[in-house]
Amino acid sequence: MKPTAERLDHQAICGLIEPEAKVLDLGCGNGDLLHLLVTQKKVKAQGVELNNDAIHSCVEKGLSVIHSDIDSGLPYYPDRSFDYVILNQSLQEVKGVESVIREALRVGKKVIIGFPNFAHVEARILLCFGGRAPISSSLPYEWYSTPNLRFLAVKDFRDFCRQKGYKILAARYLGKRGKVFFMPNLWALHAIFVITK
Amino acid sequence: MALKDIGTVETKYFTFAEPPHEFKLESGRTLGPITLAYETYGKLSADKSNAILVMHAFSGNAHVAGPEQGDQDPPWWDFMVGPGKALDTEQYFVLCINVIGGCKGSTGPSTVNPKTREPYGLDFPQITIGDMVRSQKVLIDSLGIKKLHAVIGGSMGGMLALQWVASYPESVECVIPIAATLKHSPQQIAFNEVGRQAIMADPAWNHGNYYGGAMPEKGLAVARMVGHITYMSNDSMEKKFSRRLKDDNSGFKFSADFEIEGYLQHRGMTFVKRFDANSYLYITKAMDYFDLSDAKWIPEGGLPNVRFLVIAFKSDWLYPSVQSQEMVKQLKMRHVDATYCETDSTYGHDTFLIESEKEKQSHLIRHFLAKRS
């Protein structure tokens with residue numbers, strides 16, 4: 001996801017978290033979201049990130065971050081170490097989705113998952129009428145260089161939670177300019193779910 | 001921006017544990033008097049809250065930064081310490097203390113034993129990393145410093161930093177172990193043992209009783225050559241020397257045909273001029289015995305007022321990154337605030353002494369040290 005001056009997904013996640021919560025951000029990138037949470041919500045923040053330049057950016061912002069990939073970044077944290085574990089725009093890049101979510105739900109009381117909605121109308125049109133893999137604002141990559149391994153829709157994620165028995169505590173749907181309230185599977189570019197066991 | 005000069009630096013000496021108040025060592029034996037050679041950079045603030053203790057590696061000394069002093073060793077961390085640098089001496093009061101057992105001004109086996117008026121030699125008691133840290137604490141206390149803003153070091157210096165927080169968790173705020181470990185692996189002990197055996201196989205070593213006569217230079221040089229191989233990486237050796245010959249007419253003469261051979265011999269022979277063979281034995285043993293791996297170094301309640309920055313290097317095969325990851329794992333288990341970075345530098349273990357343009361360890365350290373609200 002391209003960085004924007006004010007990321008709607010970051011604002012939405014910030015609105016979901018209580019002040020002074022303990023937060024673990026898996027795939028925290030350059031730390032923009034954690035930094036926002038620290039400044040606005042005074043959270044106790046911890047990041048996990050694989051890219052060294054991004055780790056340097058996090059440290060510049062005064063954040064604590066551990067060099068690790070998401071697939072192996074969670075062992076050794078005791079159960080329920082965090083109030084929130086965040087997987088924002090990173091779940092679709094993970095190999096072991098089920099094990100990562102299971103582990104996230106072990107170390108965190110709640111898990112916040114944000115991902116691009118593959119069933120957005122723009123992607124549907126591009127695929128249906130363009131006849132090619134969609135390249136859109138929420139899916140900006142060529143097929144050969146995308147970091148995304150998973151392509152899921154809002155409905156897919158809801159089905160997944162039902163199958164696994166995870167409770168959805170809250171959901172936020174985002175379009176280009178703001179929140180989406182109507183038919184999110186069609187109109188949302190991004191979805192953010194708060195889940196728990 | 002041109003950096004300001006650090007100015008003149010002088011080595012200072014602090015003596016304590018005068019008999020009969022000798023210093024009790026972990027082994028149960030006593031040592032005294034003890035002199036510690038140390039250097040300081042920058043000014044201690046009025047509330048004495050800006051002190052950073054830098055700890056040197058195995059063969060290092062207190063001369064961290066500043067000009068070369070006469071025929072002494074060049075400063076070993078000049079890129080890290082100074083005005084405007086990561087350990088900014090305009091902001092911090094930086095100290096480095098030569099360890100006991102060493103030969104760079106602090107009491108060690110080459111020091112004259114006041115009881116016999118002869119150098120200690122093998123009468124010097126075995127010291128541990130814990131003893132080194134406790135002796136440093138005496139000096140830090142004498143300066144009126146209650147809490148160190150940071151303890152930082154690479155290799156053995158990192159082990160000392162870990163021992164500092166293990167022994168005095170209330171006295172440190174930031175801990176930065178670089179290319180360090182909670183304990184030596186059998187491989188690390190093995191390399192040290194080869195070095196020790198090389199020294200002891202030199203007839204000039206004479207059971208440690210060589211002061212005033214010929215030094216066990218050959219043995220110590222071989223020990224250093226082995227050590228130096230382990231400090232580099234295969235990549236860095238390939239880049240620096242490859243299989244290049246020193247001159248064109250290689251003759252299978254068992255002389256230094258290859259550049260790498262000449263380099264190692266040169267490093268070995270330079271080392272014997274500046275290091276004591278018995279110190280090599282004592283300090284490597286102290287490192288081998290160091291073991292905090294049972295996690296008791298972190299109190300049950302964690303370390304709520306301490307932050308860690310753990311740095312490892314992918315190309316370091318002597319202190320591989322899994323050893324740093326083990327530290328991070330234990331910190332995670334106890335909810336300790338930790339940052340971990342594994343950098344891609346190709347220089348091997350010695351990376352902590354080199355500032356890579358691509359991945360500046362000083363950048364991480366500078367920002368990590370900034371106080372948080």
# chains A, B, ... in the order shown; residues from 1 in each chain; ligands from 1
$ closest_atom_pairs --of "chain B" --to "chain A" --cutoff "8 Å" --atoms "only C-alpha atoms" --output "tab-separated table"
residue	atom	partner	partner_atom	distance
B:Lys329	CA	A:Tyr76	CA	6.0
B:Gln330	CA	A:Tyr76	CA	7.7
B:Lys332	CA	A:Tyr77	CA	5.5
B:Met333	CA	A:Tyr77	CA	5.3
B:His335	CA	A:Ser81	CA	7.8
B:Asp337	CA	A:Ser64	CA	6.9
B:Ala338	CA	A:Ser64	CA	5.9
B:Thr339	CA	A:Val65	CA	4.7
B:Tyr340	CA	A:Ile66	CA	4.5
B:Cys341	CA	A:His67	CA	5.2
B:Glu342	CA	A:His67	CA	6.5
B:Thr343	CA	A:Asn52	CA	7.0
B:His363	CA	A:His56	CA	7.5
B:Leu364	CA	A:His56	CA	6.1
B:His367	CA	A:Glu60	CA	5.2
B:Phe368	CA	A:Val59	CA	6.0
B:Ala370	CA	A:Gly62	CA	7.8
B:Arg372	CA	A:Gly62	CA	6.9
$ select_by_dssp --residues "range 98-149 of chain A" --states "strand (DSSP E or B)" --output "PyMOL selection string"
chain A and resi 108-116
$ closest_residue --among "B:Ser171, B:Gln163, B:Thr111, B:Gln91" --to "Ile140 in chain B" --atoms "only C-alpha atoms"
B:Ser171
$ select_by_dssp --residues "range 89-192 of chain A" --states "alpha helix (DSSP H)" --output "ChimeraX atom specification"
/A:97-107,121-128,154-164,184-187
$ write_last_selection --atoms "N, CA and C atoms" --output "mmCIF file, in the first residue's frame"
data_model
loop_
_atom_site.group_PDB
_atom_site.id
_atom_site.type_symbol
_atom_site.label_atom_id
_atom_site.label_comp_id
_atom_site.auth_asym_id
_atom_site.auth_seq_id
_atom_site.Cartn_x
_atom_site.Cartn_y
_atom_site.Cartn_z
ATOM 1 N N VAL A 97 -0.902 -18.294 7.103
ATOM 2 C CA VAL A 97 -1.965 -17.409 7.595
ATOM 3 C C VAL A 97 -2.629 -17.984 8.856
ATOM 4 N N GLU A 98 -3.008 -19.245 8.788
ATOM 5 C CA GLU A 98 -3.746 -19.823 9.920
ATOM 6 C C GLU A 98 -2.902 -19.813 11.188
ATOM 7 N N SER A 99 -1.611 -20.216 11.059
ATOM 8 C CA SER A 99 -0.782 -20.278 12.257
ATOM 9 C C SER A 99 -0.455 -18.879 12.778
ATOM 10 N N VAL A 100 -0.292 -17.913 11.878
ATOM 11 C CA VAL A 100 0.011 -16.551 12.323
ATOM 12 C C VAL A 100 -1.187 -15.980 13.090
ATOM 13 N N ILE A 101 -2.391 -16.183 12.579
ATOM 14 C CA ILE A 101 -3.574 -15.655 13.273
ATOM 15 C C ILE A 101 -3.780 -16.394 14.602
ATOM 16 N N ARG A 102 -3.545 -17.705 14.576
ATOM 17 C CA ARG A 102 -3.697 -18.481 15.812
ATOM 18 C C ARG A 102 -2.725 -17.966 16.884
ATOM 19 N N GLU A 103 -1.462 -17.757 16.471
ATOM 20 C CA GLU A 103 -0.449 -17.250 17.402
ATOM 21 C C GLU A 103 -0.778 -15.830 17.857
ATOM 22 N N ALA A 104 -1.254 -15.001 16.912
ATOM 23 C CA ALA A 104 -1.609 -13.620 17.252
ATOM 24 C C ALA A 104 -2.716 -13.614 18.310
ATOM 25 N N LEU A 105 -3.668 -14.545 18.170
ATOM 26 C CA LEU A 105 -4.768 -14.628 19.142
ATOM 27 C C LEU A 105 -4.306 -15.230 20.477
ATOM 28 N N ARG A 106 -3.184 -15.931 20.444
ATOM 29 C CA ARG A 106 -2.625 -16.447 21.705
ATOM 30 C C ARG A 106 -1.927 -15.312 22.480
ATOM 31 N N VAL A 107 -1.076 -14.533 21.778
ATOM 32 C CA VAL A 107 -0.299 -13.512 22.496
ATOM 33 C C VAL A 107 -1.092 -12.219 22.690
ATOM 34 N N VAL A 121 -15.296 -3.217 -6.342
ATOM 35 C CA VAL A 121 -15.897 -3.063 -7.672
ATOM 36 C C VAL A 121 -14.851 -2.782 -8.755
ATOM 37 N N GLU A 122 -13.860 -1.998 -8.407
ATOM 38 C CA GLU A 122 -12.833 -1.631 -9.388
ATOM 39 C C GLU A 122 -12.071 -2.887 -9.856
ATOM 40 N N ALA A 123 -11.722 -3.737 -8.876
ATOM 41 C CA ALA A 123 -11.003 -4.965 -9.222
ATOM 42 C C ALA A 123 -11.883 -5.891 -10.050
ATOM 43 N N ARG A 124 -13.167 -5.930 -9.688
ATOM 44 C CA ARG A 124 -14.099 -6.795 -10.428
ATOM 45 C C ARG A 124 -14.188 -6.366 -11.882
ATOM 46 N N ILE A 125 -14.286 -5.042 -12.104
ATOM 47 C CA ILE A 125 -14.427 -4.540 -13.473
ATOM 48 C C ILE A 125 -13.160 -4.822 -14.268
ATOM 49 N N LEU A 126 -12.012 -4.562 -13.627
ATOM 50 C CA LEU A 126 -10.743 -4.767 -14.325
ATOM 51 C C LEU A 126 -10.569 -6.220 -14.742
ATOM 52 N N LEU A 127 -10.983 -7.133 -13.824
ATOM 53 C CA LEU A 127 -10.835 -8.551 -14.116
ATOM 54 C C LEU A 127 -11.880 -8.999 -15.139
ATOM 55 N N CYS A 128 -13.125 -8.541 -14.921
ATOM 56 C CA CYS A 128 -14.236 -9.018 -15.733
ATOM 57 C C CYS A 128 -14.169 -8.472 -17.160
ATOM 58 N N VAL A 154 -13.856 -9.338 1.640
ATOM 59 C CA VAL A 154 -14.501 -9.171 2.940
ATOM 60 C C VAL A 154 -15.267 -10.439 3.316
ATOM 61 N N LYS A 155 -16.016 -10.992 2.341
ATOM 62 C CA LYS A 155 -16.817 -12.191 2.602
ATOM 63 C C LYS A 155 -15.933 -13.387 2.950
ATOM 64 N N ASP A 156 -14.774 -13.492 2.250
ATOM 65 C CA ASP A 156 -13.852 -14.597 2.540
ATOM 66 C C ASP A 156 -13.404 -14.554 3.995
ATOM 67 N N PHE A 157 -13.091 -13.342 4.457
ATOM 68 C CA PHE A 157 -12.578 -13.232 5.816
ATOM 69 C C PHE A 157 -13.662 -13.555 6.841
ATOM 70 N N ARG A 158 -14.875 -13.098 6.548
ATOM 71 C CA ARG A 158 -15.989 -13.420 7.460
ATOM 72 C C ARG A 158 -16.209 -14.938 7.523
ATOM 73 N N ASP A 159 -16.147 -15.590 6.353
ATOM 74 C CA ASP A 159 -16.286 -17.052 6.314
ATOM 75 C C ASP A 159 -15.184 -17.731 7.129
ATOM 76 N N PHE A 160 -13.964 -17.221 6.948
ATOM 77 C CA PHE A 160 -12.807 -17.779 7.653
ATOM 78 C C PHE A 160 -13.030 -17.720 9.171
ATOM 79 N N CYS A 161 -13.482 -16.559 9.662
ATOM 80 C CA CYS A 161 -13.706 -16.389 11.105
ATOM 81 C C CYS A 161 -14.798 -17.353 11.593
ATOM 82 N N ARG A 162 -15.845 -17.521 10.770
ATOM 83 C CA ARG A 162 -16.934 -18.421 11.155
ATOM 84 C C ARG A 162 -16.400 -19.850 11.269
ATOM 85 N N GLN A 163 -15.633 -20.273 10.260
ATOM 86 C CA GLN A 163 -15.071 -21.632 10.267
ATOM 87 C C GLN A 163 -14.178 -21.874 11.472
ATOM 88 N N LYS A 164 -13.364 -20.870 11.817
ATOM 89 C CA LYS A 164 -12.395 -21.042 12.901
ATOM 90 C C LYS A 164 -13.009 -20.769 14.274
ATOM 91 N N PRO A 184 -20.155 -3.533 1.765
ATOM 92 C CA PRO A 184 -18.690 -3.375 1.836
ATOM 93 C C PRO A 184 -17.936 -4.332 0.913
ATOM 94 N N ASN A 185 -18.480 -5.508 0.683
ATOM 95 C CA ASN A 185 -17.751 -6.455 -0.169
ATOM 96 C C ASN A 185 -17.584 -5.919 -1.593
ATOM 97 N N LEU A 186 -18.496 -5.019 -1.970
ATOM 98 C CA LEU A 186 -18.425 -4.430 -3.306
ATOM 99 C C LEU A 186 -17.702 -3.076 -3.291
ATOM 100 N N TRP A 187 -17.923 -2.302 -2.237
ATOM 101 C CA TRP A 187 -17.469 -0.906 -2.247
ATOM 102 C C TRP A 187 -16.234 -0.612 -1.399
#
$ residues_around --residues "Gly15 in chain A" --least-positions-apart "4" --cutoff "12 Å" --atoms "only C-alpha atoms" --output "PyMOL selection string"
chain A and resi 8-11+19+33+36-37+40-41+112+170-172+192+194
$ closest_residue --among "A:Phe129, A:Tyr84, A:Phe151, A:Tyr144" --to "Phe115 in chain A" --atoms "only C-alpha atoms"
A:Phe151
$ residues_around --residues "Tyr211 in chain B" --least-positions-apart "2" --cutoff "12 Å" --atoms "only C-alpha atoms" --output "PyMOL selection string"
chain B and resi 109-112+118-122+204-209+213-216+276-278
$ closest_residue --among "B:Trp164, B:Ala179, B:Ile127, B:His149" --to "Tyr282 in chain B" --atoms "only C-alpha atoms"
B:Ile127
$ decode --residues "range 185-325 of chain B" --atoms "C-alpha atoms" --output "PDB file, in the first residue's frame"
ATOM      1  CA  SER B 185      29.299 -22.135  22.467  1.00  0.00           C
ATOM      2  CA  PRO B 186      31.682 -25.099  22.390  1.00  0.00           C
ATOM      3  CA  GLN B 187      32.962 -23.733  19.070  1.00  0.00           C
ATOM      4  CA  GLN B 188      33.862 -20.403  20.653  1.00  0.00           C
ATOM      5  CA  ILE B 189      35.557 -22.128  23.587  1.00  0.00           C
ATOM      6  CA  ALA B 190      37.400 -24.363  21.123  1.00  0.00           C
ATOM      7  CA  PHE B 191      38.866 -21.431  19.202  1.00  0.00           C
ATOM      8  CA  ASN B 192      39.961 -19.818  22.467  1.00  0.00           C
ATOM      9  CA  GLU B 193      41.554 -23.072  23.564  1.00  0.00           C
ATOM     10  CA  VAL B 194      43.590 -23.287  20.348  1.00  0.00           C
ATOM     11  CA  GLY B 195      44.878 -19.792  21.118  1.00  0.00           C
ATOM     12  CA  ARG B 196      45.746 -20.703  24.675  1.00  0.00           C
ATOM     13  CA  GLN B 197      47.483 -23.921  23.634  1.00  0.00           C
ATOM     14  CA  ALA B 198      49.546 -22.015  21.062  1.00  0.00           C
ATOM     15  CA  ILE B 199      50.766 -19.656  23.797  1.00  0.00           C
ATOM     16  CA  MET B 200      51.490 -22.420  26.290  1.00  0.00           C
ATOM     17  CA  ALA B 201      53.304 -24.506  23.646  1.00  0.00           C
ATOM     18  CA  ASP B 202      55.801 -21.692  23.142  1.00  0.00           C
ATOM     19  CA  PRO B 203      58.866 -22.591  25.282  1.00  0.00           C
ATOM     20  CA  ALA B 204      59.329 -18.891  26.038  1.00  0.00           C
ATOM     21  CA  TRP B 205      55.987 -18.905  27.865  1.00  0.00           C
ATOM     22  CA  ASN B 206      57.703 -20.784  30.716  1.00  0.00           C
ATOM     23  CA  HIS B 207      54.523 -21.360  32.746  1.00  0.00           C
ATOM     24  CA  GLY B 208      53.726 -17.691  32.579  1.00  0.00           C
ATOM     25  CA  ASN B 209      57.028 -16.658  34.033  1.00  0.00           C
ATOM     26  CA  TYR B 210      58.605 -14.760  31.148  1.00  0.00           C
ATOM     27  CA  TYR B 211      58.584 -11.136  32.316  1.00  0.00           C
ATOM     28  CA  GLY B 212      62.009  -9.606  32.033  1.00  0.00           C
ATOM     29  CA  GLY B 213      63.064 -12.212  29.478  1.00  0.00           C
ATOM     30  CA  ALA B 214      61.983 -13.273  26.016  1.00  0.00           C
ATOM     31  CA  MET B 215      58.223 -13.052  25.458  1.00  0.00           C
ATOM     32  CA  PRO B 216      56.267 -16.013  24.038  1.00  0.00           C
ATOM     33  CA  GLU B 217      55.850 -14.039  20.830  1.00  0.00           C
ATOM     34  CA  LYS B 218      55.505 -16.980  18.461  1.00  0.00           C
ATOM     35  CA  GLY B 219      52.734 -18.604  20.459  1.00  0.00           C
ATOM     36  CA  LEU B 220      50.865 -15.347  21.036  1.00  0.00           C
ATOM     37  CA  ALA B 221      51.148 -14.448  17.343  1.00  0.00           C
ATOM     38  CA  VAL B 222      49.644 -17.804  16.311  1.00  0.00           C
ATOM     39  CA  ALA B 223      46.849 -17.316  18.854  1.00  0.00           C
ATOM     40  CA  ARG B 224      46.087 -13.925  17.319  1.00  0.00           C
ATOM     41  CA  MET B 225      46.178 -15.333  13.796  1.00  0.00           C
ATOM     42  CA  VAL B 226      43.539 -17.919  14.699  1.00  0.00           C
ATOM     43  CA  GLY B 227      41.498 -15.232  16.422  1.00  0.00           C
ATOM     44  CA  HIS B 228      41.754 -12.907  13.465  1.00  0.00           C
ATOM     45  CA  ILE B 229      40.441 -15.558  11.075  1.00  0.00           C
ATOM     46  CA  THR B 230      37.361 -15.931  13.257  1.00  0.00           C
ATOM     47  CA  TYR B 231      36.792 -12.148  13.335  1.00  0.00           C
ATOM     48  CA  MET B 232      36.553 -11.948   9.540  1.00  0.00           C
ATOM     49  CA  SER B 233      34.106 -13.542   7.145  1.00  0.00           C
ATOM     50  CA  ASN B 234      34.861 -15.678   4.106  1.00  0.00           C
ATOM     51  CA  ASP B 235      33.405 -12.867   1.998  1.00  0.00           C
ATOM     52  CA  SER B 236      35.547 -10.144   3.511  1.00  0.00           C
ATOM     53  CA  MET B 237      38.679 -12.282   3.086  1.00  0.00           C
ATOM     54  CA  GLU B 238      37.750 -12.997  -0.525  1.00  0.00           C
ATOM     55  CA  LYS B 239      37.272  -9.289  -1.218  1.00  0.00           C
ATOM     56  CA  LYS B 240      40.419  -8.195   0.558  1.00  0.00           C
ATOM     57  CA  PHE B 241      42.856 -10.950  -0.465  1.00  0.00           C
ATOM     58  CA  SER B 242      41.247 -13.590  -2.641  1.00  0.00           C
ATOM     59  CA  ARG B 243      44.040 -16.014  -3.659  1.00  0.00           C
ATOM     60  CA  ARG B 244      46.425 -13.254  -4.641  1.00  0.00           C
ATOM     61  CA  LEU B 245      50.108 -14.020  -4.204  1.00  0.00           C
ATOM     62  CA  LYS B 246      52.490 -11.648  -2.456  1.00  0.00           C
ATOM     63  CA  ASP B 247      54.902 -11.750  -5.370  1.00  0.00           C
ATOM     64  CA  ASP B 248      54.864 -13.509  -8.709  1.00  0.00           C
ATOM     65  CA  ASN B 249      57.314 -16.297  -8.028  1.00  0.00           C
ATOM     66  CA  SER B 250      55.458 -18.583  -5.695  1.00  0.00           C
ATOM     67  CA  GLY B 251      57.833 -21.346  -4.768  1.00  0.00           C
ATOM     68  CA  PHE B 252      56.133 -23.671  -2.309  1.00  0.00           C
ATOM     69  CA  LYS B 253      58.638 -22.424   0.205  1.00  0.00           C
ATOM     70  CA  PHE B 254      56.315 -22.503   3.193  1.00  0.00           C
ATOM     71  CA  SER B 255      56.821 -18.789   3.424  1.00  0.00           C
ATOM     72  CA  ALA B 256      53.964 -16.330   3.206  1.00  0.00           C
ATOM     73  CA  ASP B 257      53.138 -16.911  -0.477  1.00  0.00           C
ATOM     74  CA  PHE B 258      49.535 -15.767  -0.346  1.00  0.00           C
ATOM     75  CA  GLU B 259      48.543 -12.259   0.682  1.00  0.00           C
ATOM     76  CA  ILE B 260      46.261 -13.626   3.368  1.00  0.00           C
ATOM     77  CA  GLU B 261      49.215 -15.441   4.948  1.00  0.00           C
ATOM     78  CA  GLY B 262      51.313 -12.292   4.995  1.00  0.00           C
ATOM     79  CA  TYR B 263      48.406 -10.333   6.429  1.00  0.00           C
ATOM     80  CA  LEU B 264      47.816 -12.795   9.258  1.00  0.00           C
ATOM     81  CA  GLN B 265      51.524 -12.936  10.092  1.00  0.00           C
ATOM     82  CA  HIS B 266      51.638  -9.157  10.139  1.00  0.00           C
ATOM     83  CA  ARG B 267      48.600  -8.986  12.433  1.00  0.00           C
ATOM     84  CA  GLY B 268      50.149 -11.626  14.698  1.00  0.00           C
ATOM     85  CA  MET B 269      53.471  -9.830  14.966  1.00  0.00           C
ATOM     86  CA  THR B 270      51.865  -6.423  15.595  1.00  0.00           C
ATOM     87  CA  PHE B 271      49.686  -7.930  18.299  1.00  0.00           C
ATOM     88  CA  VAL B 272      52.593  -9.318  20.356  1.00  0.00           C
ATOM     89  CA  LYS B 273      53.992  -5.800  20.678  1.00  0.00           C
ATOM     90  CA  ARG B 274      50.829  -4.591  22.342  1.00  0.00           C
ATOM     91  CA  PHE B 275      49.388  -7.510  24.260  1.00  0.00           C
ATOM     92  CA  ASP B 276      50.460  -9.740  27.119  1.00  0.00           C
ATOM     93  CA  ALA B 277      50.286 -13.514  26.612  1.00  0.00           C
ATOM     94  CA  ASN B 278      49.094 -14.211  30.160  1.00  0.00           C
ATOM     95  CA  SER B 279      46.314 -11.619  29.799  1.00  0.00           C
ATOM     96  CA  TYR B 280      45.263 -13.557  26.695  1.00  0.00           C
ATOM     97  CA  LEU B 281      44.935 -16.713  28.810  1.00  0.00           C
ATOM     98  CA  TYR B 282      43.077 -15.052  31.701  1.00  0.00           C
ATOM     99  CA  ILE B 283      40.623 -13.005  29.669  1.00  0.00           C
ATOM    100  CA  THR B 284      39.721 -15.784  27.215  1.00  0.00           C
ATOM    101  CA  LYS B 285      39.018 -18.058  30.195  1.00  0.00           C
ATOM    102  CA  ALA B 286      36.818 -15.384  31.751  1.00  0.00           C
ATOM    103  CA  MET B 287      34.830 -15.203  28.507  1.00  0.00           C
ATOM    104  CA  ASP B 288      34.545 -19.003  28.287  1.00  0.00           C
ATOM    105  CA  TYR B 289      33.194 -19.245  31.843  1.00  0.00           C
ATOM    106  CA  PHE B 290      30.661 -16.454  31.299  1.00  0.00           C
ATOM    107  CA  ASP B 291      27.146 -17.950  31.259  1.00  0.00           C
ATOM    108  CA  LEU B 292      23.894 -16.055  31.768  1.00  0.00           C
ATOM    109  CA  SER B 293      21.897 -18.465  29.629  1.00  0.00           C
ATOM    110  CA  ASP B 294      19.646 -19.728  32.439  1.00  0.00           C
ATOM    111  CA  ALA B 295      17.602 -16.498  32.173  1.00  0.00           C
ATOM    112  CA  LYS B 296      18.286 -15.633  35.813  1.00  0.00           C
ATOM    113  CA  TRP B 297      19.903 -12.435  34.586  1.00  0.00           C
ATOM    114  CA  ILE B 298      16.417 -11.024  34.134  1.00  0.00           C
ATOM    115  CA  PRO B 299      14.573 -10.656  37.443  1.00  0.00           C
ATOM    116  CA  GLU B 300      11.161 -12.352  37.810  1.00  0.00           C
ATOM    117  CA  GLY B 301       9.370  -9.028  37.536  1.00  0.00           C
ATOM    118  CA  GLY B 302      11.193  -8.169  34.319  1.00  0.00           C
ATOM    119  CA  LEU B 303      13.156  -4.966  33.885  1.00  0.00           C
ATOM    120  CA  PRO B 304      10.489  -2.279  33.619  1.00  0.00           C
ATOM    121  CA  ASN B 305      12.960   0.605  33.544  1.00  0.00           C
ATOM    122  CA  VAL B 306      15.502  -0.873  31.159  1.00  0.00           C
ATOM    123  CA  ARG B 307      15.550  -0.817  27.345  1.00  0.00           C
ATOM    124  CA  PHE B 308      17.648  -3.127  25.166  1.00  0.00           C
ATOM    125  CA  LEU B 309      19.081  -2.618  21.705  1.00  0.00           C
ATOM    126  CA  VAL B 310      20.525  -5.927  20.525  1.00  0.00           C
ATOM    127  CA  ILE B 311      22.590  -5.811  17.330  1.00  0.00           C
ATOM    128  CA  ALA B 312      23.904  -8.819  15.394  1.00  0.00           C
ATOM    129  CA  PHE B 313      25.611  -9.241  12.045  1.00  0.00           C
ATOM    130  CA  LYS B 314      24.534 -11.805   9.464  1.00  0.00           C
ATOM    131  CA  SER B 315      28.120 -12.462   8.379  1.00  0.00           C
ATOM    132  CA  ASP B 316      29.358 -13.040  11.955  1.00  0.00           C
ATOM    133  CA  TRP B 317      29.986 -16.769  12.287  1.00  0.00           C
ATOM    134  CA  LEU B 318      31.964 -16.517  15.543  1.00  0.00           C
ATOM    135  CA  TYR B 319      29.095 -14.897  17.458  1.00  0.00           C
ATOM    136  CA  PRO B 320      26.271 -15.945  15.139  1.00  0.00           C
ATOM    137  CA  SER B 321      22.989 -14.027  15.200  1.00  0.00           C
ATOM    138  CA  VAL B 322      21.185 -16.992  16.811  1.00  0.00           C
ATOM    139  CA  GLN B 323      23.027 -16.092  20.006  1.00  0.00           C
ATOM    140  CA  SER B 324      21.581 -12.583  19.896  1.00  0.00           C
ATOM    141  CA  GLN B 325      18.182 -14.028  19.042  1.00  0.00           C
TER     142      GLN B 325
END
